[in-house]
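The structure under discussion appears below in the form of structure tokens.
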Amino acid sequence: MRFLLKLIAVSRNTEIPVNYQYPLSAAIYKILNRADEKYSAFLHERGYGKGFKLFTFSQLQGPFQIHRDRLTFLEPEVQLHVAFHLPDAAENFIKGLFASQEMEIADRVSRGRFTVRSVETVKSPFVSTGASEIISVDVVPISPVVAGLKNEKGNYDFLSPDDERFPEVIRYNWREKIRTCFDNESADGAMLLAEVMLFERPPKSRLMTIKAGTTEETKIRGWMNVGLRLTAERRFIDLIMNAGAGIYNSLGCGMAGESSAIKRISEKFDSKKRYNEIIP
């Protein structure tokens with residue numbers, strides 16, 4: 001379930017931190033927490049609490065300029081894509097929850113306030129395919145994809161798209177999302193393919209600082225300008241489109257853009273076979 005939010009800055013030349021992923025994630029959580037008790041439980045059961053958080057969002061889209069660690073928008077309207085892996089029945093609720101709300105993106109230095117002017121549903125391109133039908137799609141991320149492999153210290157080593165382990169780690173994380181959202185049998189038996197597609201321009205690295213200037217400061221590295229060719233059952237493609245590829249999805253990493261080259265796969269596969277990946 002994907003939405004396009006059109007935001008209007010409350011003041012001219014609105015300034016926010018360059019590392020806005022964490023405060024923007026916090027602003028989205030703040031809106032979600034305004035849900036009534038029934039829907040709060042509904043959201044929590046599907047990942048909006050401890051453990052997996054099955055949503056993601058894009059980079060903010062609008063003309064801007066950067067000076068040191070500040071980002072200043074040059075026009076009042078800013079666009080943001082958000083996605084949730086929720087049943088279709090929740091669509092109107094989510095739209096109503098975000099409509100006309102105020103979002104604040106702030107740190108200790110600057111504070112940007114935006115009003116949600118409109119919320120538009122972005123329809124799935126897979127409506128003509130069955131949930132268990134195997135399809136292949138090409139996607140281009142609209143927020144940095146982070147592939148992390150844990151080292152001996154328990155920290156992530158971040159992989160670049162030209163590392164042969166990159167697609168394996170993406171696939172492993174995808175399978176763990178299936179395990180959380182469906183069940184172990186579905187996860188273990190799922191046929192998942194993730195191939196990296198490189199373009200004429202090389203992949204662009206982006207280093208993001210989370211909770212900058214605090215004792216909990218963390219740096220993560222993601223990648224833009226890299227494509228992914230994904231092959232799986234449509235329901236599992238839906239999951240990665242709605243929840244993001246890689247890790248740190250709820251911090252705005254790994255959101256896939258509109259897919260193209262949708263292809264139905266007719267070959268049979270063994271649903272009982274386990275597909276091995278590197279375990280981060």
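Convention: chains lettered A, B, ... in structure tokens order; per-chain residue numbering from 1; ligands numbered from 1 as shown.
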
Handout entry: Every residue of segment 82-254 of chain A that DSSP places in strand (DSSP E or B), as a ChimeraX atom specification
Key = /A:82-84,102-106,111-122,134-139,141,145,148-150,156-158,193-197,204-210,218-224,227-233

Write down as a PDB file with N, CA and C atoms, in the first residue's frame the residues belonging to segment 66-237 of chain A that are assigned alpha helix (DSSP H) by DSSP computed on the backbone.
ATOM      1  N   GLU A  91      -6.670   1.208   3.655  1.00  0.00           N
ATOM      2  CA  GLU A  91      -6.310   2.338   2.794  1.00  0.00           C
ATOM      3  C   GLU A  91      -6.960   3.646   3.237  1.00  0.00           C
ATOM      4  N   ASN A  92      -8.266   3.658   3.385  1.00  0.00           N
ATOM      5  CA  ASN A  92      -8.956   4.897   3.737  1.00  0.00           C
ATOM      6  C   ASN A  92      -8.564   5.376   5.122  1.00  0.00           C
ATOM      7  N   PHE A  93      -8.314   4.425   6.025  1.00  0.00           N
ATOM      8  CA  PHE A  93      -7.884   4.807   7.366  1.00  0.00           C
ATOM      9  C   PHE A  93      -6.536   5.524   7.325  1.00  0.00           C
ATOM     10  N   ILE A  94      -5.580   4.963   6.581  1.00  0.00           N
ATOM     11  CA  ILE A  94      -4.251   5.577   6.496  1.00  0.00           C
ATOM     12  C   ILE A  94      -4.345   6.953   5.839  1.00  0.00           C
ATOM     13  N   LYS A  95      -5.136   7.055   4.768  1.00  0.00           N
ATOM     14  CA  LYS A  95      -5.295   8.345   4.097  1.00  0.00           C
ATOM     15  C   LYS A  95      -5.884   9.374   5.050  1.00  0.00           C
ATOM     16  N   GLY A  96      -6.897   8.969   5.804  1.00  0.00           N
ATOM     17  CA  GLY A  96      -7.505   9.892   6.756  1.00  0.00           C
ATOM     18  C   GLY A  96      -6.574  10.269   7.884  1.00  0.00           C
ATOM     19  N   LEU A  97      -5.708   9.339   8.263  1.00  0.00           N
ATOM     20  CA  LEU A  97      -4.784   9.592   9.358  1.00  0.00           C
ATOM     21  C   LEU A  97      -3.770  10.677   8.995  1.00  0.00           C
ATOM     22  N   PHE A  98      -3.328  10.708   7.732  1.00  0.00           N
ATOM     23  CA  PHE A  98      -2.316  11.662   7.301  1.00  0.00           C
ATOM     24  C   PHE A  98      -2.907  12.985   6.796  1.00  0.00           C
ATOM     25  N   PHE A 166      26.164  -8.524  -2.084  1.00  0.00           N
ATOM     26  CA  PHE A 166      25.086  -7.530  -1.990  1.00  0.00           C
ATOM     27  C   PHE A 166      23.716  -8.147  -2.275  1.00  0.00           C
ATOM     28  N   PRO A 167      23.501  -8.805  -3.438  1.00  0.00           N
ATOM     29  CA  PRO A 167      22.167  -9.367  -3.705  1.00  0.00           C
ATOM     30  C   PRO A 167      21.793 -10.488  -2.741  1.00  0.00           C
ATOM     31  N   GLU A 168      22.790 -11.239  -2.244  1.00  0.00           N
ATOM     32  CA  GLU A 168      22.500 -12.317  -1.301  1.00  0.00           C
ATOM     33  C   GLU A 168      21.971 -11.759   0.014  1.00  0.00           C
ATOM     34  N   VAL A 169      22.544 -10.656   0.465  1.00  0.00           N
ATOM     35  CA  VAL A 169      22.091 -10.040   1.707  1.00  0.00           C
ATOM     36  C   VAL A 169      20.698  -9.422   1.519  1.00  0.00           C
ATOM     37  N   ILE A 170      20.452  -8.793   0.361  1.00  0.00           N
ATOM     38  CA  ILE A 170      19.123  -8.263   0.066  1.00  0.00           C
ATOM     39  C   ILE A 170      18.094  -9.390   0.111  1.00  0.00           C
ATOM     40  N   ARG A 171      18.456 -10.515  -0.478  1.00  0.00           N
ATOM     41  CA  ARG A 171      17.544 -11.655  -0.534  1.00  0.00           C
ATOM     42  C   ARG A 171      17.310 -12.253   0.856  1.00  0.00           C
ATOM     43  N   TYR A 172      18.356 -12.339   1.659  1.00  0.00           N
ATOM     44  CA  TYR A 172      18.220 -12.855   3.023  1.00  0.00           C
ATOM     45  C   TYR A 172      17.246 -11.994   3.827  1.00  0.00           C
ATOM     46  N   ASN A 173      17.420 -10.685   3.751  1.00  0.00           N
ATOM     47  CA  ASN A 173      16.544  -9.795   4.506  1.00  0.00           C
ATOM     48  C   ASN A 173      15.104  -9.881   4.014  1.00  0.00           C
ATOM     49  N   TRP A 174      14.944 -10.023   2.702  1.00  0.00           N
ATOM     50  CA  TRP A 174      13.618 -10.199   2.101  1.00  0.00           C
ATOM     51  C   TRP A 174      12.952 -11.451   2.684  1.00  0.00           C
ATOM     52  N   ARG A 175      13.708 -12.546   2.775  1.00  0.00           N
ATOM     53  CA  ARG A 175      13.161 -13.792   3.310  1.00  0.00           C
ATOM     54  C   ARG A 175      12.749 -13.629   4.771  1.00  0.00           C
ATOM     55  N   GLU A 176      13.529 -12.869   5.541  1.00  0.00           N
ATOM     56  CA  GLU A 176      13.180 -12.657   6.946  1.00  0.00           C
ATOM     57  C   GLU A 176      11.909 -11.828   7.076  1.00  0.00           C
ATOM     58  N   LYS A 177      11.676 -10.907   6.165  1.00  0.00           N
ATOM     59  CA  LYS A 177      10.410 -10.170   6.160  1.00  0.00           C
ATOM     60  C   LYS A 177       9.236 -11.127   5.898  1.00  0.00           C
ATOM     61  N   ILE A 178       9.433 -12.052   4.961  1.00  0.00           N
ATOM     62  CA  ILE A 178       8.397 -13.051   4.684  1.00  0.00           C
ATOM     63  C   ILE A 178       8.135 -13.884   5.930  1.00  0.00           C
ATOM     64  N   ARG A 179       9.187 -14.255   6.630  1.00  0.00           N
ATOM     65  CA  ARG A 179       9.052 -15.054   7.838  1.00  0.00           C
ATOM     66  C   ARG A 179       8.213 -14.316   8.881  1.00  0.00           C
ATOM     67  N   THR A 180       8.437 -13.018   8.999  1.00  0.00           N
ATOM     68  CA  THR A 180       7.706 -12.216   9.974  1.00  0.00           C
ATOM     69  C   THR A 180       6.263 -11.981   9.553  1.00  0.00           C
ATOM     70  N   CYS A 181       6.061 -11.729   8.277  1.00  0.00           N
ATOM     71  CA  CYS A 181       4.737 -11.337   7.794  1.00  0.00           C
ATOM     72  C   CYS A 181       3.845 -12.541   7.492  1.00  0.00           C
ATOM     73  N   ASN A 184       7.086 -19.455   8.773  1.00  0.00           N
ATOM     74  CA  ASN A 184       8.375 -20.070   8.476  1.00  0.00           C
ATOM     75  C   ASN A 184       8.333 -20.918   7.206  1.00  0.00           C
ATOM     76  N   GLU A 185       7.236 -21.651   7.017  1.00  0.00           N
ATOM     77  CA  GLU A 185       7.136 -22.515   5.839  1.00  0.00           C
ATOM     78  C   GLU A 185       7.160 -21.695   4.559  1.00  0.00           C
ATOM     79  N   SER A 186       6.427 -20.585   4.543  1.00  0.00           N
ATOM     80  CA  SER A 186       6.426 -19.728   3.355  1.00  0.00           C
ATOM     81  C   SER A 186       7.805 -19.145   3.114  1.00  0.00           C
ATOM     82  N   ALA A 187       8.467 -18.737   4.184  1.00  0.00           N
ATOM     83  CA  ALA A 187       9.793 -18.131   4.052  1.00  0.00           C
ATOM     84  C   ALA A 187      10.819 -19.137   3.548  1.00  0.00           C
ATOM     85  N   ASP A 188      10.818 -20.332   4.129  1.00  0.00           N
ATOM     86  CA  ASP A 188      11.806 -21.339   3.757  1.00  0.00           C
ATOM     87  C   ASP A 188      11.596 -21.848   2.337  1.00  0.00           C
ATOM     88  N   GLY A 189      10.340 -21.890   1.885  1.00  0.00           N
ATOM     89  CA  GLY A 189      10.057 -22.437   0.569  1.00  0.00           C
ATOM     90  C   GLY A 189      10.001 -21.425  -0.548  1.00  0.00           C
ATOM     91  N   ARG A 234       3.972 -12.933  -6.561  1.00  0.00           N
ATOM     92  CA  ARG A 234       3.549 -11.538  -6.507  1.00  0.00           C
ATOM     93  C   ARG A 234       3.358 -11.045  -5.078  1.00  0.00           C
ATOM     94  N   ARG A 235       2.860 -11.889  -4.186  1.00  0.00           N
ATOM     95  CA  ARG A 235       2.636 -11.457  -2.798  1.00  0.00           C
ATOM     96  C   ARG A 235       3.949 -11.090  -2.121  1.00  0.00           C
ATOM     97  N   PHE A 236       5.046 -11.747  -2.524  1.00  0.00           N
ATOM     98  CA  PHE A 236       6.340 -11.422  -1.937  1.00  0.00           C
ATOM     99  C   PHE A 236       6.954 -10.187  -2.605  1.00  0.00           C
ATOM    100  N   ILE A 237       6.637  -9.975  -3.888  1.00  0.00           N
ATOM    101  CA  ILE A 237       7.031  -8.729  -4.543  1.00  0.00           C
ATOM    102  C   ILE A 237       6.306  -7.562  -3.878  1.00  0.00           C
TER     103      ILE A 237
END

Problem - Residue among A:Ser250, A:Ser118, A:Asn225, A:Thr209 lying closest to Tyr20 of chain A, counting only C-alpha atoms - result: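 Smallest distance to Tyr20 of chain A is found for A:Thr209.
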
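Considering the residues A:Thr121, A:Ser205, A:Gln61, A:Ser25 and counting only C-alpha atoms, Leu159 of chain A has its shortest atom-to-atom contact with A:Ser205.
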
Practice task
Find the residue from A:Arg221, A:Arg113, A:His67, A:Arg2 that sits nearest to Thr14 of chain A; use only C-alpha atoms when measuring.
Solution key: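 Among A:Arg221, A:Arg113, A:His67, A:Arg2, it is A:Arg113 that comes nearest to Thr14 of chain A.
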
Problem - Selection: 8 Å around Ile220 of chain A, only C-alpha atoms, excl. self and same-chain fewer than 4 positions, as a PyMOL selection string - result: chain A and resi 146+158+207-210
